[in-house]
file upload09.txt (compact mmCIF, C-alpha atoms)
# COMPACT_ATOMS: atom_id res chain seq x y z
CA MET T 1 120.80 155.97 111.52
CA PRO T 2 117.98 155.25 109.09
CA LEU T 3 114.83 156.98 110.24
CA LEU T 4 111.17 156.51 109.45
CA SER T 5 110.31 159.89 107.96
CA GLY T 6 106.70 159.19 107.09
CA GLN T 7 104.27 156.36 107.70
CA LEU T 8 100.89 156.08 106.03
CA LEU T 9 98.17 153.61 106.94
CA GLN T 10 95.54 153.45 104.22
CA LEU T 11 92.26 151.62 103.92
CA PRO T 12 91.98 151.44 100.11
CA LEU T 13 88.62 151.26 98.39
CA PRO T 14 89.21 149.08 95.30
CA ASP T 15 87.60 150.04 92.03
CA ALA T 16 85.36 147.72 90.02
CA ASN T 17 88.38 145.75 88.87
CA HIS T 18 89.65 145.17 92.40
CA ARG T 19 87.18 143.27 94.54
CA ALA T 20 87.94 143.20 98.25
CA LEU T 21 88.03 139.45 98.84
CA LEU T 22 88.95 138.44 102.36
CA PRO T 23 91.23 135.40 102.51
CA PRO T 24 89.64 132.25 103.94
CA ARG T 25 89.94 131.93 107.69
CA ALA T 26 92.56 129.32 108.54
CA CYS T 27 91.08 126.35 110.37
CA ALA T 28 93.07 123.62 112.01
CA GLY T 29 92.44 120.02 112.74
CA ALA T 30 89.25 119.26 110.80
CA GLY T 31 90.69 116.11 109.39
CA ALA T 32 93.96 114.41 110.21
CA SER T 33 96.17 114.00 107.17
CA PRO T 34 98.25 110.85 106.67
CA VAL T 35 101.12 113.13 105.66
CA PRO T 36 103.19 114.46 108.59
CA SER T 37 102.30 118.04 109.45
CA SER T 38 104.59 120.81 110.67
CA SER T 39 101.66 122.38 112.50
CA CYS T 40 101.79 119.78 115.25
CA SER T 41 103.45 120.26 118.59
CA PRO T 42 106.09 117.72 119.66
CA SER T 43 107.14 116.03 122.86
CA SER T 44 110.65 116.89 123.95
CA SER T 45 113.07 117.14 126.79
CA SER T 46 112.67 120.93 126.75
CA PRO T 47 108.90 121.21 126.67
CA LEU T 48 106.33 123.93 126.55
CA ARG T 49 102.97 123.10 128.05
CA LEU T 50 100.31 122.66 125.43
CA ARG T 51 96.95 124.30 125.84
CA ARG T 52 94.24 121.73 125.14
CA CYS T 53 91.41 122.31 122.66
CA SER T 54 89.17 125.12 123.82
CA ASN T 55 87.90 128.44 122.66
CA SER T 56 90.30 131.33 123.11
CA SER T 57 89.83 133.61 126.08
CA PRO T 58 87.07 136.20 125.64
CA ARG T 59 88.40 139.53 124.48
CA THR T 60 86.74 142.82 123.75
CA ALA T 61 86.64 143.56 120.04
CA LEU T 62 88.88 146.35 118.81
CA ARG T 63 87.41 149.80 118.77
CA VAL T 64 89.25 152.13 116.40
CA VAL T 65 89.91 155.47 118.01
CA SER T 66 90.56 158.29 115.55
CA PRO T 67 93.01 160.73 117.15
CA GLU T 68 92.17 164.41 116.91
CA THR T 69 94.10 166.60 114.54
CA PRO T 70 96.89 168.32 116.49
CA THR T 71 96.19 171.97 117.34
CA THR T 72 98.20 174.78 118.86
CA VAL T 73 98.30 174.54 122.65
CA ASP T 74 97.44 177.88 124.19
CA THR T 75 97.28 177.05 127.88
CA GLU T 76 98.95 174.75 130.34
CA ALA T 77 95.56 173.10 130.95
CA ASP T 78 95.24 172.32 127.24
CA ALA T 79 98.72 170.86 127.24
CA THR T 80 97.90 168.65 130.20
CA ALA T 81 94.66 167.47 128.59
CA GLY T 82 96.49 166.69 125.37
CA ALA T 83 99.14 164.69 127.18
CA GLN T 84 96.45 162.74 129.01
CA ALA T 85 94.70 161.98 125.71
CA ASP T 86 97.97 160.80 124.15
CA ASN T 87 98.66 158.59 127.16
CA GLY T 88 95.12 157.24 126.94
CA ARG T 89 95.58 156.21 123.33
CA TRP T 90 98.90 154.57 124.15
CA ALA T 91 97.18 152.74 127.02
CA GLU T 92 94.53 151.47 124.61
CA PHE T 93 97.20 150.32 122.16
CA ALA T 94 99.10 148.61 124.97
CA THR T 95 95.98 146.73 126.02
CA ARG T 96 95.26 145.62 122.45
CA VAL T 97 98.79 144.53 121.54
CA SER T 98 99.67 142.72 124.78
CA GLY T 99 99.12 139.00 125.15
CA GLU T 100 100.05 135.61 123.74
CA TRP T 101 100.14 135.62 119.93
CA ASP T 102 100.64 132.14 118.44
CA GLY T 103 100.69 131.07 114.82
CA PHE T 104 103.06 130.36 111.96
CA GLY T 105 105.90 132.25 110.30
CA ALA T 106 107.85 131.84 107.10
CA GLU T 107 110.64 133.54 105.18
CA PHE T 108 110.49 134.50 101.51
CA THR T 109 113.09 135.62 99.00
CA ALA T 110 112.98 139.10 97.51
CA ALA T 111 111.09 137.50 94.61
CA GLY T 112 108.46 136.08 96.95
CA ASP T 113 109.55 132.42 96.89
CA PRO T 114 109.24 130.54 100.22
CA VAL T 115 112.48 129.51 101.90
CA GLU T 116 112.61 125.90 103.03
CA LEU T 117 113.54 125.19 106.65
CA PRO T 118 117.10 123.96 107.26
CA GLU T 119 117.44 120.21 106.80
CA ASN T 120 118.87 119.75 110.28
CA VAL T 121 115.61 120.87 111.95
CA VAL T 122 113.23 118.82 109.80
CA PRO T 123 112.30 115.33 111.08
CA GLU T 124 113.33 112.38 108.91
CA ALA T 125 109.67 111.42 108.46
CA PHE T 126 109.04 114.54 106.40
CA ARG T 127 111.83 113.67 104.00
CA GLU T 128 110.58 110.07 103.73
CA TRP T 129 107.16 111.35 102.73
CA GLY T 130 108.71 113.88 100.33
CA VAL T 131 107.22 116.77 102.28
CA GLN T 132 108.92 120.16 102.08
CA VAL T 133 108.63 122.26 105.22
CA PHE T 134 108.56 126.04 104.88
CA ASP T 135 106.76 127.19 108.03
CA TRP T 136 107.87 127.60 111.61
CA GLN T 137 105.29 127.26 114.35
CA THR T 138 105.75 130.47 116.33
CA GLN T 139 104.93 132.27 119.55
CA CYS T 140 105.11 136.01 120.03
CA PRO T 141 104.31 136.91 123.65
CA THR T 142 104.02 140.70 123.74
CA LEU T 143 103.80 143.09 126.67
CA ALA T 144 103.30 146.85 126.65
CA ASP T 145 102.92 148.98 129.77
CA PRO T 146 99.73 151.09 129.55
CA ALA T 147 101.15 153.54 132.10
CA ALA T 148 104.52 154.00 130.39
CA PRO T 149 104.32 155.19 126.77
CA CYS T 150 106.94 153.56 124.54
CA ALA T 151 107.50 150.64 126.95
CA LEU T 152 106.92 147.54 124.83
CA HIS T 153 108.75 144.30 124.23
CA TYR T 154 108.03 141.00 122.54
CA ARG T 155 109.73 137.65 122.15
CA LEU T 156 109.69 135.73 118.88
CA VAL T 157 109.91 131.99 119.50
CA ARG T 158 110.38 129.45 116.71
CA LEU T 159 109.42 125.87 117.52
CA LEU T 160 110.92 122.80 115.89
CA PRO T 161 108.59 121.00 113.45
CA THR T 162 107.47 117.54 114.57
CA VAL T 163 105.38 114.61 113.40
CA GLY T 164 102.07 113.89 115.11
CA CYS T 165 99.23 116.06 116.35
CA GLU T 166 98.69 114.85 119.91
CA ALA T 167 101.97 115.84 121.52
CA ASP T 168 102.02 117.51 124.91
CA ALA T 169 104.97 119.83 124.42
CA ALA T 170 107.10 121.66 121.87
CA THR T 171 110.83 122.25 121.54
CA VAL T 172 112.09 125.81 121.23
CA HIS T 173 114.54 126.24 118.35
CA THR T 174 115.25 129.97 118.70
CA SER T 175 114.02 132.76 120.97
CA HIS T 176 114.68 136.39 120.10
CA GLN T 177 113.53 139.37 122.16
CA ARG T 178 112.95 142.90 120.94
CA HIS T 179 112.36 146.12 122.87
CA ALA T 180 110.68 149.12 121.29
CA SER T 181 113.45 151.30 122.70
CA SER T 182 115.87 149.72 120.21
CA ALA T 183 113.77 150.67 117.18
CA ALA T 184 114.86 153.51 114.91
CA ALA T 185 111.20 154.55 114.72
CA PHE T 186 107.92 153.18 116.07
CA ALA T 187 104.43 154.28 114.99
CA TYR T 188 101.30 152.84 116.60
CA ALA T 189 97.51 152.94 116.35
CA ALA T 190 95.14 152.56 119.29
CA ALA T 191 93.52 149.54 117.65
CA GLY T 192 96.73 147.51 118.03
CA SER T 193 98.49 147.91 114.68
CA TYR T 194 102.01 149.34 114.43
CA VAL T 195 105.02 149.88 112.19
CA ALA T 196 108.58 149.63 113.48
CA ALA T 197 111.98 150.10 111.83
CA TRP T 198 114.59 147.83 113.46
CA PRO T 199 118.30 148.38 112.70
CA LYS T 200 120.30 145.16 112.36
CA GLY T 201 124.07 145.20 112.68
CA PRO T 202 126.89 145.14 112.08
CA ALA T 203 125.97 145.43 108.38
CA PRO T 204 123.73 148.40 107.46
CA VAL T 205 120.44 146.50 107.36
CA LEU T 206 116.98 147.64 108.38
CA GLU T 207 113.98 145.44 109.14
CA VAL T 208 110.67 147.23 108.62
CA GLU T 209 107.88 145.47 110.48
CA HIS T 210 104.24 146.11 109.55
CA CYS T 211 101.77 144.68 112.07
CA VAL T 212 98.11 144.97 111.07
CA VAL T 213 95.18 143.64 113.05
CA ARG T 214 92.55 141.94 110.88
CA PRO T 215 89.44 144.14 110.96
CA ASP T 216 86.96 141.24 111.08
CA GLY T 217 88.93 139.17 113.58
CA GLY T 218 87.60 140.73 116.77
CA GLY T 219 91.08 141.99 117.62
CA GLU T 220 92.39 138.45 117.88
CA VAL T 221 93.90 137.90 114.41
CA ARG T 222 96.80 139.80 112.92
CA VAL T 223 99.50 139.60 110.25
CA ARG T 224 103.06 140.89 110.54
CA VAL T 225 105.05 141.47 107.34
CA VAL T 226 108.75 142.18 107.88
CA GLN T 227 110.76 143.59 104.99
CA THR T 228 114.56 143.26 105.23
CA VAL T 229 116.30 146.14 103.46
CA ALA T 230 120.03 146.36 102.77
CA LEU T 231 121.25 149.95 102.98
CA GLY T 232 124.31 151.41 101.32
CA LYS T 233 125.18 152.83 97.93
CA GLU T 234 122.33 150.78 96.49
CA THR T 235 119.31 150.17 98.68
CA ARG T 236 117.67 146.83 97.95
CA LEU T 237 115.13 144.42 99.37
CA ARG T 238 116.88 141.32 100.69
CA GLY T 239 113.87 139.26 101.70
CA LEU T 240 110.61 139.08 103.62
CA LYS T 241 109.21 137.39 106.70
CA VAL T 242 105.50 136.83 107.27
CA PHE T 243 103.79 135.88 110.53
CA SER T 244 100.10 134.97 110.74
CA GLU T 245 99.04 135.02 114.38
CA GLN T 246 96.09 134.68 116.72
CA TRP T 247 95.68 136.13 120.21
CA TYR T 248 94.63 133.41 122.64
CA GLY T 249 95.17 134.83 126.11
CA PRO T 250 96.84 137.38 128.38
CA PHE T 251 100.62 137.70 128.48
CA ARG T 252 102.35 134.68 130.08
CA ASN T 253 105.77 135.12 128.44
CA GLY T 254 105.19 132.09 126.24
CA GLU T 255 105.04 129.56 129.05
CA GLN T 256 102.06 127.85 127.43
CA LEU T 257 101.48 126.90 123.80
CA GLY T 258 98.09 127.67 122.30
CA GLY T 259 97.86 124.28 120.55
CA CYS T 260 94.55 123.55 118.86
CA ALA T 261 92.95 126.61 120.48
CA VAL T 262 94.83 128.53 117.77
CA LYS T 263 93.25 128.17 114.33
CA GLU T 264 96.24 129.34 112.29
CA THR T 265 97.85 126.84 109.89
CA ALA T 266 100.98 126.66 107.75
CA PHE T 267 100.67 128.92 104.70
CA ALA T 268 104.03 129.51 102.97
CA ALA T 269 103.45 126.96 100.19
CA GLY T 270 99.94 128.25 99.53
CA GLU T 271 98.75 130.01 96.40
CA LYS T 272 100.11 133.51 95.92
CA LEU T 273 97.94 136.53 95.36
CA ASP T 274 97.49 137.24 91.64
CA VAL T 275 99.44 140.39 90.79
CA SER T 276 96.45 141.68 88.80
CA GLU T 277 94.68 142.17 92.16
CA VAL T 278 97.35 144.74 93.08
CA LEU T 279 97.67 146.75 89.88
CA GLY T 280 95.47 149.69 89.01
CA GLN T 281 94.04 152.65 90.87
CA TRP T 282 93.43 152.46 94.60
CA GLU T 283 91.46 155.01 96.59
CA SER T 284 91.86 155.34 100.35
CA ARG T 285 88.72 156.08 102.34
CA ASP T 286 90.66 156.59 105.56
CA ALA T 287 94.31 157.37 106.23
CA ALA T 288 96.67 158.06 109.10
CA ALA T 289 100.28 159.14 109.28
CA ALA T 290 103.15 159.55 111.70
CA ARG T 291 106.20 161.64 110.89
CA PHE T 292 109.56 161.85 112.56
CA SER T 293 112.43 164.30 112.50
CA ASP T 294 116.16 164.18 113.21
CA GLU T 295 115.60 167.14 115.55
CA LEU T 296 113.42 165.14 117.97
CA ASP T 297 114.65 163.66 121.22
CA PRO T 298 116.73 160.58 120.29
CA GLU T 299 114.85 158.41 122.80
CA THR T 300 111.22 159.57 122.95
CA GLY T 301 111.13 161.31 119.56
CA LYS T 302 111.20 158.05 117.64
CA PHE T 303 107.74 157.09 118.96
CA ALA T 304 104.59 158.56 117.42
CA GLU T 305 100.91 157.85 117.26
CA LEU T 306 99.23 157.57 113.88
CA SER T 307 97.13 160.70 113.31
CA PRO T 308 94.62 161.55 110.55
CA ALA T 309 95.97 162.26 107.09
CA GLU T 310 94.34 163.22 103.82
CA PRO T 311 92.86 160.26 101.92
CA GLY T 312 94.02 160.00 98.34
CA LYS T 313 94.39 157.91 95.22
CA VAL T 314 97.37 155.95 94.00
CA LEU T 315 98.02 154.24 90.68
CA ARG T 316 99.83 150.98 91.43
CA ASP T 317 102.08 149.45 88.76
CA ALA T 318 104.10 146.24 88.90
CA ASP T 319 107.40 147.91 89.78
CA GLY T 320 108.69 146.47 93.05
CA VAL T 321 105.56 144.40 93.73
CA VAL T 322 106.05 140.98 95.36
CA THR T 323 102.94 138.84 95.83
CA LEU T 324 102.65 136.36 98.68
CA PRO T 325 100.23 133.74 100.05
CA LYS T 326 97.28 134.69 102.30
CA GLN T 327 96.26 137.54 99.96
CA LEU T 328 99.40 139.48 100.95
CA TRP T 329 101.72 141.64 98.89
CA SER T 330 104.76 143.81 99.39
CA VAL T 331 106.22 146.77 97.49
CA PHE T 332 109.76 148.12 97.52
CA LYS T 333 110.62 151.23 95.47
CA GLU T 334 113.41 153.78 95.56
CA HIS T 335 112.24 157.37 95.30
CA GLY T 336 115.64 158.96 94.86
CA ASP T 337 117.52 161.25 97.25
CA GLY T 338 117.96 158.35 99.66
CA GLU T 339 114.22 157.72 100.10
CA PHE T 340 112.44 154.48 99.44
CA LEU T 341 108.87 153.24 99.78
CA LEU T 342 107.78 149.97 101.33
CA SER T 343 104.18 148.83 101.24
CA ALA T 344 102.66 145.83 102.95
CA LYS T 345 99.09 144.66 102.64
CA SER T 346 97.55 142.34 105.20
CA GLU T 347 93.96 142.31 103.95
CA PRO T 348 92.17 143.70 100.91
CA ASP T 349 91.00 146.59 103.11
CA ASN T 350 94.28 147.30 104.92
CA LYS T 351 97.50 148.61 103.42
CA ILE T 352 100.49 150.27 105.04
CA ASP T 353 102.88 152.52 103.10
CA THR T 354 106.15 153.38 104.81
CA VAL T 355 108.53 156.00 103.45
CA LEU T 356 112.06 155.84 104.81
CA ARG T 357 115.07 158.08 104.34
CA ASN T 358 118.43 156.34 104.19
CA GLY T 359 120.11 159.20 105.99
CA ARG T 360 123.33 159.19 103.96
CA GLY T 361 125.44 162.32 104.06

call {"tool": "encode", "arguments": {"input": "upload09.txt", "output": "structure tokens"}}
result
Amino acid sequence: MPLLSGQLLQLPLPDANHRALLPPRACAGAGASPVPSSSCSPSSSSPLRLRRCSNSSPRTALRVVSPETPTTVDTEADATAGAQADNGRWAEFATRVSGEWDGFGAEFTAAGDPVELPENVVPEAFREWGVQVFDWQTQCPTLADPAAPCALHYRLVRLLPTVGCEADAATVHTSHQRHASSAAAFAYAAAGSYVAAWPKGPAPVLEVEHCVVRPDGGGEVRVRVVQTVALGKETRLRGLKVFSEQWYGPFRNGEQLGGCAVKETAFAAGEKLDVSEVLGQWESRDAAAARFSDELDPETGKFAELSPAEPGKVLRDADGVVTLPKQLWSVFKEHGDGEFLLSAKSEPDNKIDTVLRNGRG
């Protein structure tokens, strides 16, 4: 089973040639376009209730909690205190990650080109207007139990694109549920970010999901970059999925659609990040890591909290770099001996490096 052997979350400090430019905040609905829009919610015979225009529910801004460096436990009391601290950080993560996350998602080729939605799901009006549709409107209701470390599940819902912006409901195209217990490895941070490696069968394929909360979004905006990796004699990147999401309320299992309360918009056809913004030397001013071992318990050992790691510098070249819209980029590199590196960047100040071991032989 492929295993996440090291996970590094870096906050790089760009040099003079790499300005940290935050992407523009997506804003919906300021002016109705005469061209049909896939961001609108349709009426249907299988509806979801639409949440009318309003501000999202108040939510406490994220507070990053830096876990203490692990030390040798000398007494039973120390062990108990450590376990309570670990549970407390999981509880904070569970609070941050739980809720209704609505937005848009799109698939990209290994070269970073957007994949158009299947013709059978696109309304005729789009084709009449000559509009290509690349984005799904999505929901991702997520629930984690603060009292039960490692108990987390979410449901990814893709909604059919429709014409018109005043519909009262949306039609579910697909609904796929995931439980953290099915991950090969799961690393989390108290602030709500995480990395998960999801095996996909029957072919030897691994999906590596990087979820990073936007630091200036008050804990209510995040990006998930999912890298699909084909394992075997030759490990290769098969494609990418990107989800740009906003938290708009407590967990309701997707029974209500955020509608215009969610400010996310379609993005797949947008301008890609210039590769020159990626290349060069990057310096991390903060770092965290989680490491896993084949010797750990097969159930609980695949979960780990991100803990402090040594900041460092990295010289980034163009090998394996794929640039994407929304100031995002992805890296896939083989390191030899069955190891490969995947990087995903969700903001100029947030980058996740994930080192995986293929586990052959």

call {"tool": "residues_around", "arguments": {"input": "upload09.txt", "residues": "Asp319 of chain T", "least_positions_apart": "6", "cutoff": "10 Å", "atoms": "only C-alpha atoms", "output": "list in words"}}
result
Leu279, Val331, Phe332 and Lys333 of chain T

call {"tool": "write_last_selection", "arguments": {"input": "upload09.txt", "atoms": "C-alpha atoms", "output": "mmCIF file, in the frame of the given file"}}
result
data_model
loop_
_atom_site.group_PDB
_atom_site.id
_atom_site.type_symbol
_atom_site.label_atom_id
_atom_site.label_comp_id
_atom_site.auth_asym_id
_atom_site.auth_seq_id
_atom_site.Cartn_x
_atom_site.Cartn_y
_atom_site.Cartn_z
ATOM 1 C CA LEU T 279 97.670 146.750 89.880
ATOM 2 C CA VAL T 331 106.220 146.770 97.490
ATOM 3 C CA PHE T 332 109.760 148.120 97.520
ATOM 4 C CA LYS T 333 110.620 151.230 95.470
#

call {"tool": "closest_residue", "arguments": {"input": "upload09.txt", "among": "T:Cys211, T:Val121, T:Leu324, T:Cys150", "to": "Thr174 of chain T", "atoms": "all atoms listed in the file"}}
result
T:Val121

call {"tool": "closest_residue", "arguments": {"input": "upload09.txt", "among": "T:Ala289, T:Glu107, T:Leu117, T:Thr323", "to": "Glu310 of chain T", "atoms": "only C-alpha atoms"}}
result
T:Ala289

call {"tool": "closest_residue", "arguments": {"input": "upload09.txt", "among": "T:Arg222, T:Lys302, T:Lys241, T:Arg214", "to": "Asp135 of chain T", "atoms": "all atoms listed in the file"}}
result
T:Lys241

call {"tool": "residues_around", "arguments": {"input": "upload09.txt", "residues": "Val212 of chain T", "least_positions_apart": "3", "cutoff": "7 Å", "atoms": "all atoms listed in the file", "output": "list in words"}}
result
Ser193, Tyr194, Arg222, Val223, Arg224 and Ser346 of chain T

call {"tool": "atom_distance", "arguments": {"input": "upload09.txt", "atom1": "atom CA of Lys272 of chain T", "atom2": "atom CA of Ala191 of chain T"}}
result
27.8 Å

call {"tool": "atom_distance", "arguments": {"input": "upload09.txt", "atom1": "atom CA of His153 of chain T", "atom2": "atom CA of Thr95 of chain T"}}
result
13.1 Å

call {"tool": "atom_distance", "arguments": {"input": "upload09.txt", "atom1": "atom CA of Val172 of chain T", "atom2": "atom CA of Val229 of chain T"}}
result
27.3 Å

call {"tool": "closest_residue", "arguments": {"input": "upload09.txt", "among": "T:Pro199, T:Trp247, T:Gly312, T:Ala189", "to": "Gln227 of chain T", "atoms": "all atoms listed in the file"}}
result
T:Pro199

call {"tool": "closest_residue", "arguments": {"input": "upload09.txt", "among": "T:Arg89, T:Lys200, T:Arg96, T:His173", "to": "Pro250 of chain T", "atoms": "all atoms listed in the file"}}
result
T:Arg96

call {"tool": "closest_residue", "arguments": {"input": "upload09.txt", "among": "T:Gly103, T:Gly88, T:Gly201, T:Gly192", "to": "Gly259 of chain T", "atoms": "all atoms listed in the file"}}
result
T:Gly103
